[in-house]
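**Q** The structure follows.
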Amino acid sequence: MDMRNEIALVTGANRGIGQGFVEELRARGAKKIYAATRRPETVPEIEGVVPLRLDVTDDASVARAAELAGDTTLLINNAGVSTFARLTDGAEEDIRLEMETNFFGPLRMLRAFAPILGANGGGAVLNVLSVMAWMAFEHSNGYGASKAAAWALTNGVRHELAAQGTRVTGLAMASVDTDMMADIEDEKSDPRVIAKAALDGVEAGAFEVLADARTAGWKSRLGEDPALLYPHLTEVGAAGR
């Protein structure tokens with residue numbers, strides 16, 4: 001895939017990683033970029049960038065976007081939300097919002113745009129995932145569950161869309177310097193660096209992009225006993241006996 005031949009649609013495009021995607025797509029000479037967001041008025045006026053109103057949690061909004069962006073050849077499902085909700089005592093509406101945005105949002109977009117991509121020669125999909133699909137903390141486990149579901153979604157649609165020639169890439173990363181992570185003390189990647197790595201992977205036809213060493217490390221340990229991944233939990237179990 002050569003980005004100079006592509007017409008991309010980026011969800012959640014007005015800030016963070018989404019903005020990084022728009023900037024990197026422009027740098028690579030994409031024909032057109034639909035910058036999709038709930039607030040298109042926040043998208044700067046830039047040649048080749050088309051603001052598009054979109055709420056991925058709303059069926060009618062997604063259908064309208066598909067009508068307006070029927071020339072799309074690259075769909076980047078980037079829009080996401082984290083409420084940092086715990087599963088056992090977090091607000092259920094927060095957990096439902098995370099699942100609605102991070103799993104059902106990409107699913108809605110895929111169902112609406114898969115026929116468009118097929119009609120336009122196959123194209124590609126990039127789903128923005130997270131290392132949280134593979135790990136757990138004391139918090140943010142509602143978000144992790146939604147990203148684990150999105151990972152399964154990515155693997156599933158990769159099979160389902162292969163016959164129409166659509167390549168599906170999953171992008172996973174740890175902490176990124178975005179508004180979502182503004183109050184979290186952690187080592188954070190630059191959104192533009194993440195976008196560059198992701199588009200390199202799409203251009204190369206990669207099924208998966210692991211954007212940093214921490215993410216690659218956790219992915220490599222998926223087959224390990226949970227007692228090795230979370231040794232502190234064995235102490236909790238021992239104390240309870």
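Residues are referred to by chain and number: the chain letter is A, B, ... according to the order shown in the structure tokens, the number counts from 1 in that chain, and ligands are numbered separately from 1 in the order shown.
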Which of stretch 120-237 of chain A counts as alpha helix (DSSP H) under DSSP, as a PyMOL selection string please?

**A** chain A and resi 141-160+191-204+213-220+226-229+231-237

**Q** Can you pull out every residue within 12 Å of A:Gly70, counting only C-alpha atoms, but drop anything in the same chain fewer than 5 positions away, and send it as an mmCIF file with N, CA and C atoms, in the first residue's frame?

**A**
data_model
loop_
_atom_site.group_PDB
_atom_site.id
_atom_site.type_symbol
_atom_site.label_atom_id
_atom_site.label_comp_id
_atom_site.auth_asym_id
_atom_site.auth_seq_id
_atom_site.Cartn_x
_atom_site.Cartn_y
_atom_site.Cartn_z
ATOM 1 N N ILE A 7 -7.222 7.143 0.178
ATOM 2 C CA ILE A 7 -8.166 8.090 0.773
ATOM 3 C C ILE A 7 -8.518 7.524 2.149
ATOM 4 N N ALA A 8 -8.074 8.213 3.188
ATOM 5 C CA ALA A 8 -8.164 7.682 4.548
ATOM 6 C C ALA A 8 -9.274 8.345 5.337
ATOM 7 N N LEU A 9 -9.874 7.572 6.226
ATOM 8 C CA LEU A 9 -10.809 8.107 7.212
ATOM 9 C C LEU A 9 -10.269 7.745 8.586
ATOM 10 N N TYR A 34 -10.264 12.099 5.603
ATOM 11 C CA TYR A 34 -11.464 12.461 6.348
ATOM 12 C C TYR A 34 -11.106 12.468 7.826
ATOM 13 N N VAL A 62 -22.863 6.998 12.017
ATOM 14 C CA VAL A 62 -21.957 6.148 11.242
ATOM 15 C C VAL A 62 -22.487 5.956 9.828
ATOM 16 N N ALA A 63 -23.801 5.748 9.690
ATOM 17 C CA ALA A 63 -24.399 5.573 8.368
ATOM 18 C C ALA A 63 -24.224 6.828 7.522
ATOM 19 N N ARG A 64 -24.393 7.988 8.150
ATOM 20 C CA ARG A 64 -24.216 9.254 7.429
ATOM 21 C C ARG A 64 -22.766 9.426 6.979
ATOM 22 N N ALA A 65 -21.821 9.067 7.829
ATOM 23 C CA ALA A 65 -20.407 9.161 7.463
ATOM 24 C C ALA A 65 -20.101 8.258 6.273
ATOM 25 N N LEU A 75 -9.457 2.728 6.393
ATOM 26 C CA LEU A 75 -10.239 3.075 7.576
ATOM 27 C C LEU A 75 -9.367 2.902 8.813
ATOM 28 N N ALA A 112 -20.240 -0.778 8.378
ATOM 29 C CA ALA A 112 -20.654 0.254 7.423
ATOM 30 C C ALA A 112 -19.676 0.408 6.276
ATOM 31 N N PHE A 113 -18.375 0.258 6.573
ATOM 32 C CA PHE A 113 -17.351 0.571 5.569
ATOM 33 C C PHE A 113 -16.770 -0.645 4.862
ATOM 34 N N ALA A 114 -17.008 -1.840 5.358
ATOM 35 C CA ALA A 114 -16.482 -3.020 4.664
ATOM 36 C C ALA A 114 -16.962 -3.090 3.213
ATOM 37 N N PRO A 115 -18.256 -2.868 2.932
ATOM 38 C CA PRO A 115 -18.685 -2.877 1.527
ATOM 39 C C PRO A 115 -18.028 -1.777 0.693
ATOM 40 N N ILE A 116 -17.788 -0.624 1.323
ATOM 41 C CA ILE A 116 -17.137 0.488 0.629
ATOM 42 C C ILE A 116 -15.705 0.115 0.278
ATOM 43 N N LEU A 117 -14.985 -0.427 1.231
ATOM 44 C CA LEU A 117 -13.605 -0.828 0.973
ATOM 45 C C LEU A 117 -13.557 -1.891 -0.121
ATOM 46 N N GLY A 118 -14.473 -2.850 -0.061
ATOM 47 C CA GLY A 118 -14.513 -3.891 -1.077
ATOM 48 C C GLY A 118 -14.766 -3.328 -2.465
ATOM 49 N N ALA A 119 -15.705 -2.384 -2.543
ATOM 50 C CA ALA A 119 -16.028 -1.778 -3.836
ATOM 51 C C ALA A 119 -14.889 -0.934 -4.370
ATOM 52 N N ASN A 120 -14.059 -0.422 -3.471
ATOM 53 C CA ASN A 120 -12.934 0.430 -3.870
ATOM 54 C C ASN A 120 -11.629 -0.343 -4.022
#

**Q** Show which residues sit within 9 Å of stretch 162-168 of chain A, as number ranges by chain. Count only C-alpha atoms, and ignore same-chain residues fewer than 6 positions away.

**A** A: 114-115, 117-119, 121-127, 154-155, 202, 205-208

**Q** If you count only C-alpha atoms, which residues fall within 6 Å of A:Arg4, apart from same-chain ones fewer than 2 positions away, as an NGL selection string?

**A** :A and (2 or 6 or 29-31)

**Q** Taking into account only C-alpha atoms, which residue in the set A:Tyr143, A:Phe137, A:Arg111, A:Glu67 is nearest to A:Glu98?

**A**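 Counting only C-alpha atoms, the residue closest to A:Glu98 is A:Tyr143.
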
**Q** For A:Ile17, which of A:Asp190, A:Glu47, A:Asp94, A:Asp89 is the closest residue, counting only C-alpha atoms?

**A**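 That would be A:Asp190, the residue with the smallest distance to A:Ile17.
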
**Q** Set the distance at 8 Å and use only C-alpha atoms: which residues neighbour A:Val22 once local chain neighbours fewer than 5 positions away are removed? I'd like the list as a list in words.

**A**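 Contacts, with the query itself left out: Val10, Ala13, Ile33, Ala35 and Val49 of chain A.
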